[in-house]
Amino acid sequence: MKPNYAPSAQPQGAAVLVGIDFSEPLFEAQLEEAVELISSAGANVASTITGKRHKPDSATFVGSGKVEEIAAAVEHADASLVVFNHQLSPIQIRNVEKSVGVRVIDRTDLILDIFAQRARSAEGKLQVELAQMQHLLTRLVRGWTHLERQRGGIGVRGGPGESQLEIDRRLVGDRIKRLKDKLKKLQRQRDTQRSGRARSDTFSVSIVGYTNAGKSTLFNRLTGATAYVADQLFATLDTTTRRIYVGDRAANHEYDHDDNYVSPKFNVALSDTVGFIRNLPHGLVAAFHATLTEALEADLLLHVVDASNPMRDQQIFEVNKVLTEIGAAAIPQITVYNKIDRLDMGQMSTPLGAVIRDEDDKIIEVRVSAKSGAGVDLLRDAMRERAKLAQSIKGDGFDRGEFTQNEEVRATAEAAHYANNADNEVNNEHQDEAILSDQAHHRAHLEVH
């Protein structure tokens, strides 16, 4: 029987959501996001347990009294799942499960489950499984050290003196290696495609942004494509690229300020990428690096922001943080404030028909409604303007590195701004794990085909 250590749990039925306030900003909004995540995973939140703490409890994260409250909520709602909107250690999950009697998952587990359900392409499935495997490897801690070491020999599972924990780590490690090898082959195919676009002098634009900001809707609006769209988190994972032409919308040609004729259209390769989220698991960022390379290799990023979301400033910060992590912070950006149709006119800092320019007179912000199409022509104008600028710079012999706004400076400034409001959900990884799990418990988390 072929082992599979990374199935999608596909949570269903009633769930109890647990959120602890560590004096964080926008705590309620973060809980609402967690409800959306659980709904996207296929479950419904029957009860929400909240509380305040200065720091996590080392044994249960929330403390024994709060665990009793969670157990009562599980029984009252007949829930089959408890979801923590935080990252827990394996021992904390085990301890809470023993007390509440149902499966317990943390935020990372939940996001991985959603990704596993949403992956459609072969590459997407490989990337998700790789992330799951890497996450599982962190869960295989001291769970089998109390067992007698396996005896080696021909035909005997495991090498000489190999413990069950070592066997599991080896199997997971081997699977990770195979997945990485397969993804490298797919990466070479992507590199070939990008090289072809570079040789054809195509201007590359990638749409990035927080999940459910309307990226795919905007992509469809700009390209006429029919990429899957849904009002849910992580509706699409796979990168889609289409070629479009941006030119003067008033005529088939245009002139600059000196009445010099300018090429009427520019060839643009527009890519829709996977959405980001607060505390996106590092393993997912690493596993999806091949997909995110579309953003890394772009000439321009369209950073789509849900203008109607009260957490939009934090979401902008989170997206820029991931872009910095993958090395894309210095790529020029245009911030696209989407879903303006959901705002009252009084909530808009600038009118719909306006754009924001920087000190160099380059468009850096546009207000649009991808759903209605309002403002999209302005965005096309902005892309054409950037494409024209890139063409002129390349014509003067400059490389792409010189065609950048130094977004790293802005990202660093934003990081400092949010430093005092940083997420306190990262748990102390060095806590004591003296309580060892038994074989049956860990086998439940180490599922096989």
# chains A, B, ... in the order shown; residues from 1 in each chain; ligands from 1

call {"tool": "residues_around", "arguments": {"residues": "A:Gly65", "least_positions_apart": "6", "cutoff": "12 Å", "atoms": "only C-alpha atoms", "output": "VMD selection string"}}
result
chain A and resid 49 51 57 71 to 72 96 99

call {"tool": "write_last_selection", "arguments": {"atoms": "N, CA and C atoms", "output": "PDB file, in the first residue's frame"}}
result
ATOM      1  N   ILE A  49     -15.047  30.731  20.856  1.00  0.00           N
ATOM      2  CA  ILE A  49     -14.501  30.909  22.204  1.00  0.00           C
ATOM      3  C   ILE A  49     -13.367  31.919  22.135  1.00  0.00           C
ATOM      4  N   GLY A  51     -10.808  34.863  24.458  1.00  0.00           N
ATOM      5  CA  GLY A  51     -10.213  35.177  25.759  1.00  0.00           C
ATOM      6  C   GLY A  51      -9.018  36.082  25.583  1.00  0.00           C
ATOM      7  N   ASP A  57      -0.226  29.493  27.014  1.00  0.00           N
ATOM      8  CA  ASP A  57       0.077  28.466  28.004  1.00  0.00           C
ATOM      9  C   ASP A  57       0.896  27.371  27.327  1.00  0.00           C
ATOM     10  N   ALA A  71     -14.436  22.431  25.675  1.00  0.00           N
ATOM     11  CA  ALA A  71     -15.063  21.107  25.729  1.00  0.00           C
ATOM     12  C   ALA A  71     -16.572  21.225  25.878  1.00  0.00           C
ATOM     13  N   ALA A  72     -17.022  22.174  26.710  1.00  0.00           N
ATOM     14  CA  ALA A  72     -18.464  22.369  26.890  1.00  0.00           C
ATOM     15  C   ALA A  72     -19.112  22.853  25.597  1.00  0.00           C
ATOM     16  N   VAL A  96      -5.033  19.322  24.128  1.00  0.00           N
ATOM     17  CA  VAL A  96      -6.394  19.832  23.974  1.00  0.00           C
ATOM     18  C   VAL A  96      -7.305  18.743  23.434  1.00  0.00           C
ATOM     19  N   SER A  99      -8.628  16.455  26.014  1.00  0.00           N
ATOM     20  CA  SER A  99      -9.637  17.053  26.895  1.00  0.00           C
ATOM     21  C   SER A  99     -10.983  17.253  26.215  1.00  0.00           C
TER      22      SER A  99
END

call {"tool": "residues_around", "arguments": {"residues": "A:Arg367", "least_positions_apart": "6", "cutoff": "7 Å", "atoms": "only C-alpha atoms", "output": "PyMOL selection string"}}
result
chain A and resi 336-338+340+352+375

call {"tool": "atom_distance", "arguments": {"atom1": "atom CA of A:Leu179", "atom2": "atom CA of A:Thr138"}}
result
17.3 Å

call {"tool": "closest_residue", "arguments": {"among": "A:Ile20, A:Glu33, A:Ile70, A:Met311", "to": "A:Thr50", "atoms": "only C-alpha atoms"}}
result
A:Ile20

call {"tool": "residues_around", "arguments": {"residues": "stretch 82-89 of chain A", "least_positions_apart": "6", "cutoff": "6 Å", "atoms": "only C-alpha atoms", "output": "list in words"}}
result
Ala15, Val16, Leu17, Val18, Gly19, Val104, Ile105, Asp106, Arg107 and Glu425 of chain A

call {"tool": "closest_residue", "arguments": {"among": "A:Arg357, A:Arg221, A:His282, A:Arg170", "to": "A:Ala131", "atoms": "only C-alpha atoms"}}
result
A:His282

call {"tool": "closest_residue", "arguments": {"among": "A:Glu359, A:Asp306, A:Asp113, A:Glu166", "to": "A:Ile38", "atoms": "only C-alpha atoms"}}
result
A:Asp113

call {"tool": "closest_residue", "arguments": {"among": "A:Ala307, A:Leu183, A:Ile93, A:Val62", "to": "A:Asp344", "atoms": "only C-alpha atoms"}}
result
A:Ala307
